[in-house]
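Asks: Take a look at this one; I'll ask things after.
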Amino acid sequence: MHATICDLITDLVQNSFEADATEITLSVKETEKNLNVVIADNGKGMSAETLEKAKDPFYSDGRKHKHRKVGLGLPFLFQTAEMTGGTAAIESEEGIGTTVSFDLDPANVDLPMFGNFTTAAVTLMTYGFNGNLKIEHSVNGRGYEISRKELREALGDLNELESLTLLKEFIKGNEEDILDF
């Protein structure tokens, strides 16, 4: 399993990057009773056969990581959902894209801690891919949205120190706003 839910989210979004997606949306909605995460992309997608294989931890297509014989992101997601009484689903169509979604009970004692969303969001926004990533995060109805495309237009290269510092402060400020009641 992943140490935190944010680690799991990061792993799943990286799958979208590696599937050559040009548009990715990450939606995270938290309430006292539910944690809902949806990751949708317009990447390569998978056939029904490949989709079933992707749920097996001992399957890897060998293209992303030539020497790796396992793929753990999706199996860990389904394991986490099963262990905590949650649900997880994946829909994919070859040439169209993939949507991964899950609902978890934040009160479940077996649920990994949520983790640091600011760090996860900064990591994802600065990942080396050419597409757009839109992140939507809400806690009890209070939320914000950010877009990698808009951030790059405003800040320039997100990996330059000054831009990276501003990006981190921007996301951190948004996180503090939705967590302050």
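Starting from 1 in every chain, residues are counted up; chains themselves are A, B, ... following the order of the structure tokens, and ligands are numbered from 1 as listed.
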If we count only C-alpha atoms, what is near His2 (chain A) at a cut-off of 9 Å, once residues fewer than 2 positions away on the same chain are taken out, given as a ChimeraX atom specification?

Replies: /A:4-8,73,76-77,80,112

Asks: Take the selection from the previous step and output its residues with N, CA and C atoms, as a CSV table (one decimal), in the first residue's frame.

Replies:
chain,number,residue,atom,x,y,z
A,4,THR,N,0.4,7.3,2.0
A,4,THR,CA,-0.7,8.2,2.2
A,4,THR,C,-1.6,8.2,0.9
A,5,ILE,N,-2.8,8.7,1.1
A,5,ILE,CA,-3.7,8.8,-0.1
A,5,ILE,C,-3.1,9.7,-1.1
A,6,CYS,N,-2.4,10.8,-0.7
A,6,CYS,CA,-1.7,11.7,-1.7
A,6,CYS,C,-0.6,10.9,-2.5
A,7,ASP,N,0.1,9.9,-1.9
A,7,ASP,CA,1.0,9.1,-2.7
A,7,ASP,C,0.3,8.3,-3.7
A,8,LEU,N,-0.9,7.7,-3.3
A,8,LEU,CA,-1.7,7.0,-4.3
A,8,LEU,C,-2.2,7.8,-5.4
A,73,GLY,N,0.1,0.5,-9.0
A,73,GLY,CA,-0.8,1.6,-8.7
A,73,GLY,C,-2.3,1.2,-8.6
A,76,PHE,N,-3.0,-1.5,-5.8
A,76,PHE,CA,-3.0,-0.8,-4.5
A,76,PHE,C,-4.3,0.0,-4.3
A,77,LEU,N,-4.8,0.6,-5.3
A,77,LEU,CA,-6.1,1.4,-5.2
A,77,LEU,C,-7.2,0.4,-4.8
A,80,THR,N,-6.8,-0.9,-1.3
A,80,THR,CA,-7.2,0.1,-0.3
A,80,THR,C,-8.7,0.3,-0.2
A,112,PRO,N,-5.2,4.8,5.1
A,112,PRO,CA,-4.0,5.6,5.3
A,112,PRO,C,-4.3,7.0,5.5

Asks: Running DSSP on the backbone, which parts of region 32-136 of chain A land in strand (DSSP E or B), as a list in words?

Replies: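 So, restricting region 32-136 of chain A to strand (DSSP E or B), we get Leu35, Asn36, Val37, Val38, Ile39, Ala40, Asp41, Thr87, Ala88, Ala89, Ile90, Glu91, Ser92, Glu93, Gly97, Thr98, Thr99, Val100, Ser101, Phe102, Asp103, Leu104, Met113, Asn132, Leu133, Lys134, Ile135 and Glu136 of chain A.
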
Asks: How would the residues just chosen look if you wrote them out with N, CA and C atoms as a CSV table (one decimal), in the first residue's frame?

Replies:
chain,number,residue,atom,x,y,z
A,35,LEU,N,-14.5,10.6,1.0
A,35,LEU,CA,-13.3,11.1,0.2
A,35,LEU,C,-13.6,10.6,-1.2
A,36,ASN,N,-13.8,11.5,-2.1
A,36,ASN,CA,-14.1,11.2,-3.5
A,36,ASN,C,-12.9,11.7,-4.4
A,37,VAL,N,-12.3,10.8,-5.2
A,37,VAL,CA,-11.3,11.2,-6.1
A,37,VAL,C,-11.6,10.7,-7.4
A,38,VAL,N,-11.5,11.6,-8.4
A,38,VAL,CA,-11.6,11.2,-9.8
A,38,VAL,C,-10.5,11.7,-10.6
A,39,ILE,N,-9.8,10.9,-11.4
A,39,ILE,CA,-8.7,11.2,-12.3
A,39,ILE,C,-9.2,10.8,-13.7
A,40,ALA,N,-9.3,11.8,-14.6
A,40,ALA,CA,-9.8,11.6,-15.9
A,40,ALA,C,-8.8,12.1,-16.9
A,41,ASP,N,-8.5,11.4,-18.0
A,41,ASP,CA,-7.5,11.8,-18.9
A,41,ASP,C,-7.9,11.4,-20.4
A,87,THR,N,-15.0,2.1,-2.4
A,87,THR,CA,-15.2,1.6,-3.8
A,87,THR,C,-14.2,2.2,-4.7
A,88,ALA,N,-13.9,1.5,-5.7
A,88,ALA,CA,-12.9,2.0,-6.8
A,88,ALA,C,-13.4,1.5,-8.1
A,89,ALA,N,-13.2,2.3,-9.1
A,89,ALA,CA,-13.6,1.9,-10.5
A,89,ALA,C,-12.6,2.5,-11.5
A,90,ILE,N,-12.5,1.8,-12.6
A,90,ILE,CA,-11.7,2.3,-13.7
A,90,ILE,C,-12.5,2.1,-15.0
A,91,GLU,N,-12.6,3.1,-15.8
A,91,GLU,CA,-13.2,3.0,-17.2
A,91,GLU,C,-12.1,3.5,-18.1
A,92,SER,N,-12.0,2.7,-19.3
A,92,SER,CA,-11.0,3.1,-20.2
A,92,SER,C,-11.5,2.7,-21.6
A,93,GLU,N,-11.1,3.5,-22.6
A,93,GLU,CA,-11.4,3.1,-24.0
A,93,GLU,C,-10.2,3.5,-24.8
A,97,GLY,N,-9.2,7.5,-23.7
A,97,GLY,CA,-8.7,7.9,-22.4
A,97,GLY,C,-9.2,7.0,-21.3
A,98,THR,N,-8.9,7.4,-20.1
A,98,THR,CA,-9.1,6.6,-18.9
A,98,THR,C,-9.7,7.5,-17.8
A,99,THR,N,-10.6,6.9,-17.0
A,99,THR,CA,-11.1,7.6,-15.8
A,99,THR,C,-11.0,6.6,-14.6
A,100,VAL,N,-10.3,7.0,-13.6
A,100,VAL,CA,-10.2,6.2,-12.4
A,100,VAL,C,-10.9,7.0,-11.3
A,101,SER,N,-11.7,6.3,-10.5
A,101,SER,CA,-12.4,7.0,-9.4
A,101,SER,C,-12.5,6.1,-8.2
A,102,PHE,N,-12.5,6.8,-7.0
A,102,PHE,CA,-12.7,6.0,-5.8
A,102,PHE,C,-13.4,6.9,-4.7
A,103,ASP,N,-14.1,6.2,-3.9
A,103,ASP,CA,-14.8,6.8,-2.7
A,103,ASP,C,-14.3,6.0,-1.5
A,104,LEU,N,-13.8,6.7,-0.5
A,104,LEU,CA,-13.3,6.1,0.7
A,104,LEU,C,-14.0,6.8,1.9
A,113,MET,N,-3.4,7.8,6.1
A,113,MET,CA,-3.6,9.2,6.3
A,113,MET,C,-3.6,9.9,5.0
A,132,ASN,N,-1.9,19.6,-20.1
A,132,ASN,CA,-2.5,20.4,-19.1
A,132,ASN,C,-3.1,19.5,-18.0
A,133,LEU,N,-2.8,19.9,-16.8
A,133,LEU,CA,-3.4,19.3,-15.6
A,133,LEU,C,-4.3,20.3,-14.9
A,134,LYS,N,-5.5,19.9,-14.6
A,134,LYS,CA,-6.4,20.7,-13.9
A,134,LYS,C,-6.7,20.0,-12.5
A,135,ILE,N,-6.5,20.7,-11.4
A,135,ILE,CA,-6.7,20.2,-10.1
A,135,ILE,C,-7.9,20.9,-9.5
A,136,GLU,N,-8.8,20.2,-9.0
A,136,GLU,CA,-10.0,20.7,-8.2
A,136,GLU,C,-9.9,20.0,-6.9

Asks: Might you pull out every residue within 9 Å of Lys149 (chain A), with only C-alpha atoms counted and same-chain residues fewer than 2 positions away left off, and present them as a count of residues only?

Replies: 10

Asks: What are the DSSP helix (DSSP H, G or I) residues of chain A, as a PyMOL selection string?

Replies: chain A and resi 5-18+48-54+73-83+117-125+148-155+161-179

Asks: Could you give me, as a tab-separated table, a per-residue list for region 79-120 of chain A showing, wherever an atom lies at most 12 Å from an atom of region 159-181 of chain A, the closest pair of atoms and their distance in Å to one decimal, using only C-alpha atoms and sorting by chain then residue number from low to high?

Replies:
residue	atom	partner	partner_atom	distance
A:Asn116	CA	A:Glu175	CA	9.9
A:Phe117	CA	A:Glu175	CA	7.9
A:Thr118	CA	A:Lys172	CA	5.6
A:Thr119	CA	A:Lys168	CA	7.8
A:Ala120	CA	A:Ile171	CA	10.2

Asks: If I take CA of Leu124 (chain A) and CA of Val139 (chain A), how far is one from the other in Å, to one decimal?

Replies: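 These atoms are spaced 19.8 Å apart.
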
Asks: Quick check, in Å to one decimal: how far apart do CA of Val13 (chain A) and CA of Thr25 (chain A) lie?

Replies: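 According to the coordinates, CA of Val13 (chain A) and CA of Thr25 (chain A) are separated by 8.9 Å.
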
Asks: Show which residues sit within 8 Å of region 43-47 of chain A, as a count of residues only. Count only C-alpha atoms, and ignore same-chain residues fewer than 2 positions away.

Replies: 18
